[in-house]
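> What follows is query-v9.txt, compact mmCIF, C-alpha atoms.
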```txt
# COMPACT_ATOMS: atom_id res chain seq x y z
CA MET A 326 155.71 18.04 -31.03
CA LYS A 327 157.99 18.24 -28.03
CA ILE A 328 157.94 15.15 -25.79
CA LEU A 329 157.48 15.75 -22.08
CA ASN A 330 159.95 13.18 -20.80
CA ASN A 331 160.17 11.71 -17.28
CA HIS A 332 156.46 12.28 -16.69
CA THR A 333 153.68 9.72 -16.33
CA LEU A 334 150.00 10.52 -16.73
CA ILE A 335 147.78 8.42 -14.44
CA TYR A 336 144.55 8.02 -16.40
CA ASP A 337 141.19 6.37 -15.74
CA ASN A 338 141.36 3.35 -18.04
CA GLU A 339 137.62 2.68 -17.58
CA CYS A 340 136.78 6.15 -18.95
CA PRO A 341 136.74 6.25 -22.80
CA MET A 342 137.28 10.04 -22.78
CA CYS A 343 140.36 9.74 -20.52
CA ASN A 344 141.65 6.81 -22.56
CA LEU A 345 141.21 8.73 -25.81
CA TYR A 346 142.97 11.96 -24.90
CA SER A 347 145.79 10.27 -22.97
CA LYS A 348 146.46 8.02 -25.97
CA GLY A 349 146.26 11.13 -28.15
CA PHE A 350 149.07 12.74 -26.15
CA ILE A 351 151.28 9.73 -26.87
CA LYS A 352 150.39 9.38 -30.56
CA SER A 353 150.94 13.11 -31.15
CA GLY A 354 154.35 12.94 -29.51
CA MET A 355 153.52 15.04 -26.44
CA LEU A 356 154.23 12.11 -24.10
CA SER A 357 156.64 9.20 -24.50
CA GLU A 358 155.38 5.71 -25.33
CA ASN A 359 155.40 4.79 -21.63
CA GLY A 360 154.12 8.23 -20.62
CA ARG A 361 150.78 7.02 -19.25
CA GLU A 362 149.71 4.45 -16.69
CA ALA A 363 146.29 3.03 -15.91
CA PHE A 364 144.86 3.97 -12.52
CA THR A 365 143.92 0.33 -11.83
CA GLU A 366 147.46 -0.85 -12.69
CA LEU A 367 149.54 1.62 -10.69
CA SER A 368 153.19 0.82 -10.14
CA LEU A 369 154.34 0.80 -6.52
CA ASP A 370 156.49 3.93 -7.02
CA ASN A 371 153.63 5.97 -8.50
CA GLU A 372 151.16 4.67 -5.93
CA LYS A 373 153.39 6.01 -3.16
CA LEU A 374 153.62 9.46 -4.77
CA ILE A 375 150.02 10.25 -5.73
CA ASP A 376 147.13 11.28 -3.53
CA PHE A 377 144.94 8.24 -4.32
CA ASN A 378 141.61 9.95 -3.58
CA ARG A 379 142.48 13.20 -5.36
CA ALA A 380 143.63 11.29 -8.45
CA LYS A 381 140.09 9.87 -8.77
CA ASN A 382 138.75 13.41 -9.19
CA GLU A 383 141.65 15.05 -11.03
CA ILE A 384 143.95 13.25 -13.43
CA ALA A 385 147.46 13.00 -11.97
CA LEU A 386 150.74 13.71 -13.76
CA VAL A 387 153.83 12.34 -12.00
CA ASP A 388 157.07 14.31 -12.42
CA HIS A 389 159.78 11.69 -11.85
CA GLU A 390 162.64 14.20 -11.85
CA GLN A 391 161.25 16.23 -8.95
CA ASN A 392 159.18 13.42 -7.38
CA LYS A 393 156.05 15.55 -7.35
CA VAL A 394 152.54 15.23 -8.74
CA ILE A 395 150.44 17.78 -10.66
CA TYR A 396 146.66 17.31 -10.80
CA GLY A 397 143.67 18.13 -12.98
CA LEU A 398 143.73 21.01 -15.43
CA ASP A 399 147.30 21.95 -14.46
CA SER A 400 148.56 18.53 -15.54
CA LEU A 401 146.92 18.88 -18.96
CA LEU A 402 148.22 22.43 -19.40
CA LEU A 403 151.75 21.29 -18.56
CA ILE A 404 151.62 18.61 -21.26
CA ILE A 405 150.08 20.92 -23.87
CA GLY A 406 152.26 23.86 -22.85
CA ASN A 407 155.42 21.83 -23.36
CA SER A 408 154.60 21.73 -27.10
CA PHE A 409 152.49 24.89 -27.35
CA PRO A 410 153.73 27.43 -24.76
CA ARG A 411 151.46 30.19 -26.12
CA LEU A 412 148.33 28.08 -25.70
CA GLU A 413 149.23 27.39 -22.08
CA LYS A 414 149.93 31.07 -21.48
CA ILE A 415 146.53 32.04 -22.94
CA ALA A 416 144.73 29.30 -20.96
CA ARG A 417 146.30 30.58 -17.74
CA ILE A 418 144.80 34.05 -18.14
CA LYS A 419 142.64 34.30 -15.01
CA PRO A 420 139.11 34.41 -16.53
CA LEU A 421 139.95 31.65 -19.03
CA TYR A 422 141.74 29.54 -16.42
CA TRP A 423 138.72 29.85 -14.11
CA PHE A 424 136.37 28.78 -16.93
CA PHE A 425 138.50 25.80 -18.03
CA LYS A 426 138.96 24.66 -14.43
CA LYS A 427 135.19 24.71 -13.88
CA LEU A 428 134.64 22.92 -17.20
CA TYR A 429 137.22 20.29 -16.27
CA SER A 430 135.53 19.67 -12.91
CA PHE A 431 132.09 19.62 -14.57
CA VAL A 432 133.19 16.78 -16.87
CA SER A 433 135.37 14.95 -14.34
CA TYR A 434 132.79 14.75 -11.55
CA ASN A 435 130.09 13.60 -14.01
CA ARG A 436 132.16 11.33 -16.24
CA LYS A 437 130.71 8.14 -14.74
CA GLN A 438 127.22 9.44 -15.46
CA ILE A 439 128.20 10.41 -18.99
CA ILE A 440 129.92 7.08 -19.75
CA PRO A 441 129.49 4.48 -17.00
CA SER A 442 131.43 1.22 -16.76
CA SER A 443 130.47 -2.15 -15.34
CA LYS A 444 133.80 -2.09 -13.46
CA ASP A 445 132.99 1.12 -11.55
CA TYR A 446 132.05 -0.93 -8.48
CA SER A 447 135.40 -2.71 -8.16
CA GLU A 448 137.65 -1.86 -5.23
CA LYS A 449 140.31 -0.05 -7.27
CA ALA A 450 137.93 1.69 -9.68
CA CYS A 451 138.74 5.31 -10.48
CA VAL A 452 135.34 6.70 -9.50
CA PRO A 453 135.19 10.42 -8.61
CA ASP A 454 133.62 11.67 -5.40
CA PHE A 455 130.00 12.78 -5.52
CA ASN A 456 129.81 16.55 -5.94
CA LEU A 457 126.29 17.94 -5.59
CA LYS A 458 127.14 21.28 -7.22
CA TYR A 459 128.48 19.72 -10.41
CA ARG A 460 125.77 17.04 -10.52
CA LEU A 461 123.07 19.73 -10.34
CA ALA A 462 124.95 21.74 -12.98
CA TYR A 463 124.95 18.70 -15.29
CA ILE A 464 121.25 18.03 -14.72
CA THR A 465 120.41 21.70 -15.34
CA PHE A 466 122.48 21.77 -18.54
CA VAL A 467 120.71 18.70 -19.96
CA VAL A 468 117.25 19.92 -18.90
CA PHE A 469 117.60 23.26 -20.70
CA LEU A 470 119.28 21.82 -23.80
CA SER A 471 116.67 19.06 -24.11
CA SER A 472 113.82 21.50 -23.56
CA TYR A 473 115.18 23.82 -26.24
CA ILE A 474 115.65 21.08 -28.88
CA LEU A 475 112.31 19.39 -28.10
CA ASN A 476 110.62 22.78 -28.32
CA ILE A 477 111.87 23.17 -31.89
CA PHE A 478 111.18 19.54 -32.83
CA SER A 479 107.65 19.35 -31.36
CA GLY A 480 106.13 21.34 -34.22
CA ASN A 481 107.16 18.60 -36.68
CA LEU A 482 105.45 15.68 -34.96
CA GLY A 483 101.98 16.12 -36.40
CA LEU A 484 100.32 16.27 -32.98
CA HIS A 485 99.13 19.86 -33.49
CA LEU A 486 101.74 21.01 -30.97
CA HIS A 487 102.99 24.56 -31.12
CA GLN A 488 106.48 25.41 -30.03
CA ASN A 489 106.41 26.04 -26.29
CA PHE A 490 109.72 26.04 -24.40
CA GLY A 491 107.94 26.32 -21.03
CA ARG A 492 105.91 23.17 -21.72
CA GLU A 493 109.01 21.16 -22.62
CA LEU A 494 110.89 22.50 -19.60
CA ILE A 495 108.06 21.43 -17.28
CA ILE A 496 108.03 17.95 -18.86
CA CYS A 497 111.79 17.52 -18.43
CA VAL A 498 111.73 18.67 -14.80
CA SER A 499 108.62 16.56 -14.09
CA GLN A 500 110.45 13.46 -15.36
CA ILE A 501 113.13 13.98 -12.70
CA VAL A 502 110.55 14.63 -9.97
CA TRP A 503 108.52 11.56 -11.04
CA GLN A 504 111.51 9.21 -10.95
CA THR A 505 112.75 10.66 -7.66
CA VAL A 506 109.39 10.33 -5.89
CA PHE A 507 108.59 6.82 -7.12
CA LEU A 508 112.10 5.36 -6.92
CA LYS A 509 113.69 7.09 -3.94
CA SER A 510 113.08 4.21 -1.52
CA TYR A 511 114.31 1.68 -4.10
CA LEU A 512 117.38 3.54 -5.36
CA LYS A 513 118.55 4.78 -1.93
CA GLU A 514 122.25 5.76 -2.20
CA LYS A 515 122.18 5.21 -5.99
CA LEU A 516 119.59 7.97 -6.54
CA TRP A 517 121.95 10.72 -7.73
CA ASN A 518 123.94 8.24 -9.78
CA TYR A 519 120.77 7.04 -11.50
CA ILE A 520 119.43 10.57 -12.10
CA GLY A 521 122.75 11.53 -13.70
CA ASN A 522 122.61 8.50 -16.01
CA MET A 523 118.96 9.18 -16.83
CA MET A 524 119.89 12.72 -17.87
CA THR A 525 122.58 11.33 -20.16
CA VAL A 526 119.91 9.17 -21.82
CA SER A 527 117.92 12.38 -22.36
CA LEU A 528 121.04 14.07 -23.71
CA ILE A 529 121.62 11.22 -26.18
CA GLY A 530 118.02 11.52 -27.39
CA THR A 531 118.39 15.28 -27.71
CA LEU A 532 121.58 15.01 -29.77
CA LEU A 533 119.97 12.40 -32.03
CA LEU A 534 117.09 14.79 -32.76
CA ILE A 535 119.40 17.57 -33.97
CA PRO A 536 120.13 16.01 -37.44
CA CYS A 537 116.37 15.72 -37.99
CA LEU A 538 116.04 19.48 -37.54
CA LEU A 539 118.44 20.05 -40.42
CA PHE A 540 116.12 18.35 -42.92
CA SER A 541 112.55 19.17 -43.88
CA LEU A 542 110.80 15.95 -42.86
CA ASN A 543 107.04 15.61 -43.14
CA SER A 544 105.09 14.82 -39.96
CA PHE A 545 104.94 11.06 -40.70
CA SER A 546 108.70 10.80 -41.26
CA ALA A 547 109.33 12.90 -38.16
CA MET A 548 107.15 10.56 -36.07
CA ILE A 549 109.02 7.49 -37.38
CA TYR A 550 112.37 9.13 -36.64
CA PHE A 551 111.18 10.17 -33.18
CA GLY A 552 110.04 6.59 -32.49
CA ILE A 553 113.49 5.26 -33.43
CA VAL A 554 115.13 7.79 -31.09
CA VAL A 555 112.81 6.77 -28.23
CA LEU A 556 113.66 3.09 -28.86
CA ILE A 557 117.38 3.88 -28.70
CA MET A 558 116.81 5.80 -25.45
CA PHE A 559 114.80 2.88 -24.03
CA LEU A 560 117.57 0.36 -24.82
CA GLU A 561 120.24 2.71 -23.44
CA HIS A 562 118.22 3.23 -20.26
CA LEU A 563 118.03 -0.56 -19.82
CA ARG A 564 121.77 -0.91 -20.43
CA ARG A 565 122.66 1.74 -17.87
CA CYS A 566 120.31 0.28 -15.27
CA LYS A 567 122.09 -3.05 -15.73
CA ILE A 568 125.47 -1.37 -15.18
CA LEU A 569 124.08 0.29 -12.03
CA GLN A 570 122.90 -3.16 -10.89
CA LEU A 571 119.25 -2.10 -10.94
CA ASN A 572 116.25 -4.13 -12.06
CA PHE A 573 113.55 -3.16 -14.59
CA LEU A 574 111.63 -0.91 -12.18
CA PRO A 575 113.36 2.38 -13.14
CA THR A 576 112.82 1.67 -16.86
CA ILE A 577 109.16 0.76 -16.32
CA SER A 578 108.60 3.96 -14.33
CA TRP A 579 110.47 5.96 -16.99
CA MET A 580 108.28 4.54 -19.78
CA ILE A 581 105.04 5.06 -17.81
CA PHE A 582 105.89 8.74 -17.47
CA ARG A 583 106.74 9.09 -21.16
CA LEU A 584 103.53 7.38 -22.29
CA THR A 585 101.43 9.37 -19.81
CA VAL A 586 102.81 12.68 -21.13
CA LEU A 587 102.21 11.57 -24.73
CA VAL A 588 98.58 10.65 -24.01
CA ILE A 589 97.95 13.93 -22.16
CA LEU A 590 99.43 15.96 -25.04
CA ILE A 591 97.29 14.09 -27.60
CA LEU A 592 94.11 14.59 -25.54
CA ILE A 593 94.79 18.29 -24.96
CA ASN A 594 95.47 19.01 -28.62
CA HIS A 595 92.54 17.10 -30.15
```
Represent the structure contained in this file as structure tokens.


Amino acid sequence: MKILNNHTLIYDNECPMCNLYSKGFIKSGMLSENGREAFTELSLDNEKLIDFNRAKNEIALVDHEQNKVIYGLDSLLLIIGNSFPRLEKIARIKPLYWFFKKLYSFVSYNRKQIIPSSKDYSEKACVPDFNLKYRLAYITFVVFLSSYILNIFSGNLGLHLHQNFGRELIICVSQIVWQTVFLKSYLKEKLWNYIGNMMTVSLIGTLLLIPCLLFSLNSFSAMIYFGIVVLIMFLEHLRRCKILQLNFLPTISWMIFRLTVLVILILINH
């Protein structure tokens, strides 16, 4: 690997993803040992150079030789391209560059909903701006993925359910509507933040169901496995509400909806 010297990557130290790949750049030899700096521990020189607000949304790379800063996808491509020029050249082809830039923004603007931190409410926290377009894109992504996986899994539960993607899609969307209607006055400015975290709980449950689809479980085993997944989701929902400084109300409402849907499905199919 070729080290990109005289550059410092300003990373979000409260974001496990950012911490992982920035450390990976150093361990692989793409950046020097002191080639990254935590956003919450900025040196005075770097603090003067970077656009503080922009660096919350797009990771900043400080070029100390030219006293300039590169942001977001371009900063990552510069680091990677220093060791793999061909990869950077391919990634900068217009359609691919457009896709990777959108993907980068999709992850960056939703990273605190994907992996929140209890320190996100501190004054110097590296919290991205709220972007409605990318929040809706994240919600839509989770809704369709969850509906698709649940549609496949539902036939294994022993509730006489047939695969029905439309049914699962309606349930997923209804969950969002339910929580929004009943909690809007309580959540106030935290509404979109909570909905994003709730969708991540759904995403976790969805991903945990995928291994079950790879094995031929009988209906009893599938029900036990599904119960374990729901318990994990319940505990994760509680944990995230605590991070968001919310009480038990969102979790109670979330569980009421889940139990109501389960009862309705049982009654319809028996």

> Which is closer to A:Cys497 than all the others in A:Phe425, A:Gln438, A:Lys458, A:Val586, using all atoms listed in the file?

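Nearest candidate to A:Cys497 out of A:Phe425, A:Gln438, A:Lys458, A:Val586: A:Val586.
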
> Contacts of stretch 525-529 of chain A at 7 Å or less, counting all atoms listed in the file, minus same-chain residues fewer than 4 places along, as JSON, numbers by chain?

{"A": [438, 439, 467, 471, 521, 533, 558, 561, 562]}

> Please determine, counting all atoms listed in the file, which residue among A:Cys537, A:Leu475, A:Leu574, A:Leu412 has the shortest atom-to-atom distance to A:Ser510.

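Of A:Cys537, A:Leu475, A:Leu574, A:Leu412, the one nearest A:Ser510, counting all atoms listed in the file, is A:Leu574.
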
> Determine the nearest neighbour of A:Lys327 from the options A:Ile405, A:Lys427, A:Leu398, A:Phe377, counting all atoms listed in the file.

A:Ile405

> Measuring between all atoms listed in the file, which one of A:Leu367, A:Met580, A:Met326, A:Ile335 shows the shortest distance to A:Ile395?

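Answer, going by the shortest atom-to-atom distance: A:Ile335.
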
> Nearest to A:Leu571: which of A:Ile593, A:Ile375, A:Leu512, A:Val588 is it, counting only C-alpha atoms?

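Selected residue with least distance to A:Leu571: A:Leu512.
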
> What's the 7 Å shell around A:Leu356, counting only C-alpha atoms, without same-chain residues fewer than 6 positions away, as a list in words?

Ile328, Leu329, Asn330 and Phe350 of chain A

> My list of candidates is A:Ala385, A:Ile464, A:Val554, A:Ile496. Which is closest to A:Thr585 when distances are computed with all atoms listed in the file?

A:Ile496

> Name all residues at most 12 Å from A:Leu401 (count all atoms listed in the file; drop same-chain ones fewer than 2 positions away) and give them as a PyMOL selection string.

chain A and resi 329+332-336+343+346-347+350+355-356+383-387+395-399+403-409+412-413+416-417+425-426+429

> Hey, can you check how far atom CA of A:Asp376 sits from atom CA of A:Asn338?

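That distance, rounded to one decimal, is 17.5 Å.
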
> Starting from the sparse input, extend stretch 386-401 of chain A to N, CA and C atoms and give the output as a PDB file, in the coordinates of the input.


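Below is the file result08.pdb, written as the result:
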```
ATOM      1  N   LEU A 386     149.539  13.754 -12.915  1.00  0.00           N
ATOM      2  CA  LEU A 386     150.740  13.710 -13.760  1.00  0.00           C
ATOM      3  C   LEU A 386     151.958  13.659 -12.841  1.00  0.00           C
ATOM      4  N   VAL A 387     152.680  12.545 -12.876  1.00  0.00           N
ATOM      5  CA  VAL A 387     153.830  12.340 -12.000  1.00  0.00           C
ATOM      6  C   VAL A 387     155.097  12.875 -12.669  1.00  0.00           C
ATOM      7  N   ASP A 388     155.776  13.781 -11.972  1.00  0.00           N
ATOM      8  CA  ASP A 388     157.070  14.310 -12.420  1.00  0.00           C
ATOM      9  C   ASP A 388     158.154  13.504 -11.718  1.00  0.00           C
ATOM     10  N   HIS A 389     158.808  12.607 -12.452  1.00  0.00           N
ATOM     11  CA  HIS A 389     159.780  11.690 -11.850  1.00  0.00           C
ATOM     12  C   HIS A 389     161.097  12.378 -11.501  1.00  0.00           C
ATOM     13  N   GLU A 390     161.399  13.485 -12.155  1.00  0.00           N
ATOM     14  CA  GLU A 390     162.640  14.200 -11.850  1.00  0.00           C
ATOM     15  C   GLU A 390     162.559  14.876 -10.487  1.00  0.00           C
ATOM     16  N   GLN A 391     161.410  15.498 -10.209  1.00  0.00           N
ATOM     17  CA  GLN A 391     161.250  16.230  -8.950  1.00  0.00           C
ATOM     18  C   GLN A 391     160.432  15.458  -7.910  1.00  0.00           C
ATOM     19  N   ASN A 392     159.994  14.245  -8.280  1.00  0.00           N
ATOM     20  CA  ASN A 392     159.180  13.420  -7.380  1.00  0.00           C
ATOM     21  C   ASN A 392     157.973  14.178  -6.828  1.00  0.00           C
ATOM     22  N   LYS A 393     157.257  14.842  -7.746  1.00  0.00           N
ATOM     23  CA  LYS A 393     156.050  15.550  -7.350  1.00  0.00           C
ATOM     24  C   LYS A 393     154.925  15.216  -8.329  1.00  0.00           C
ATOM     25  N   VAL A 394     153.709  15.555  -7.934  1.00  0.00           N
ATOM     26  CA  VAL A 394     152.540  15.230  -8.740  1.00  0.00           C
ATOM     27  C   VAL A 394     151.718  16.490  -9.008  1.00  0.00           C
ATOM     28  N   ILE A 395     151.305  16.667 -10.264  1.00  0.00           N
ATOM     29  CA  ILE A 395     150.440  17.780 -10.660  1.00  0.00           C
ATOM     30  C   ILE A 395     149.081  17.182 -11.001  1.00  0.00           C
ATOM     31  N   TYR A 396     148.003  17.883 -10.643  1.00  0.00           N
ATOM     32  CA  TYR A 396     146.660  17.310 -10.800  1.00  0.00           C
ATOM     33  C   TYR A 396     145.758  18.149 -11.701  1.00  0.00           C
ATOM     34  N   GLY A 397     144.775  17.473 -12.288  1.00  0.00           N
ATOM     35  CA  GLY A 397     143.670  18.130 -12.980  1.00  0.00           C
ATOM     36  C   GLY A 397     144.083  18.954 -14.186  1.00  0.00           C
ATOM     37  N   LEU A 398     143.486  20.123 -14.297  1.00  0.00           N
ATOM     38  CA  LEU A 398     143.730  21.010 -15.430  1.00  0.00           C
ATOM     39  C   LEU A 398     145.205  21.367 -15.554  1.00  0.00           C
ATOM     40  N   ASP A 399     145.878  21.573 -14.434  1.00  0.00           N
ATOM     41  CA  ASP A 399     147.300  21.950 -14.460  1.00  0.00           C
ATOM     42  C   ASP A 399     148.147  20.878 -15.118  1.00  0.00           C
ATOM     43  N   SER A 400     147.793  19.611 -14.916  1.00  0.00           N
ATOM     44  CA  SER A 400     148.560  18.530 -15.540  1.00  0.00           C
ATOM     45  C   SER A 400     148.392  18.549 -17.059  1.00  0.00           C
ATOM     46  N   LEU A 401     147.167  18.818 -17.517  1.00  0.00           N
ATOM     47  CA  LEU A 401     146.920  18.880 -18.960  1.00  0.00           C
ATOM     48  C   LEU A 401     147.609  20.090 -19.588  1.00  0.00           C
TER      49      LEU A 401
END
```
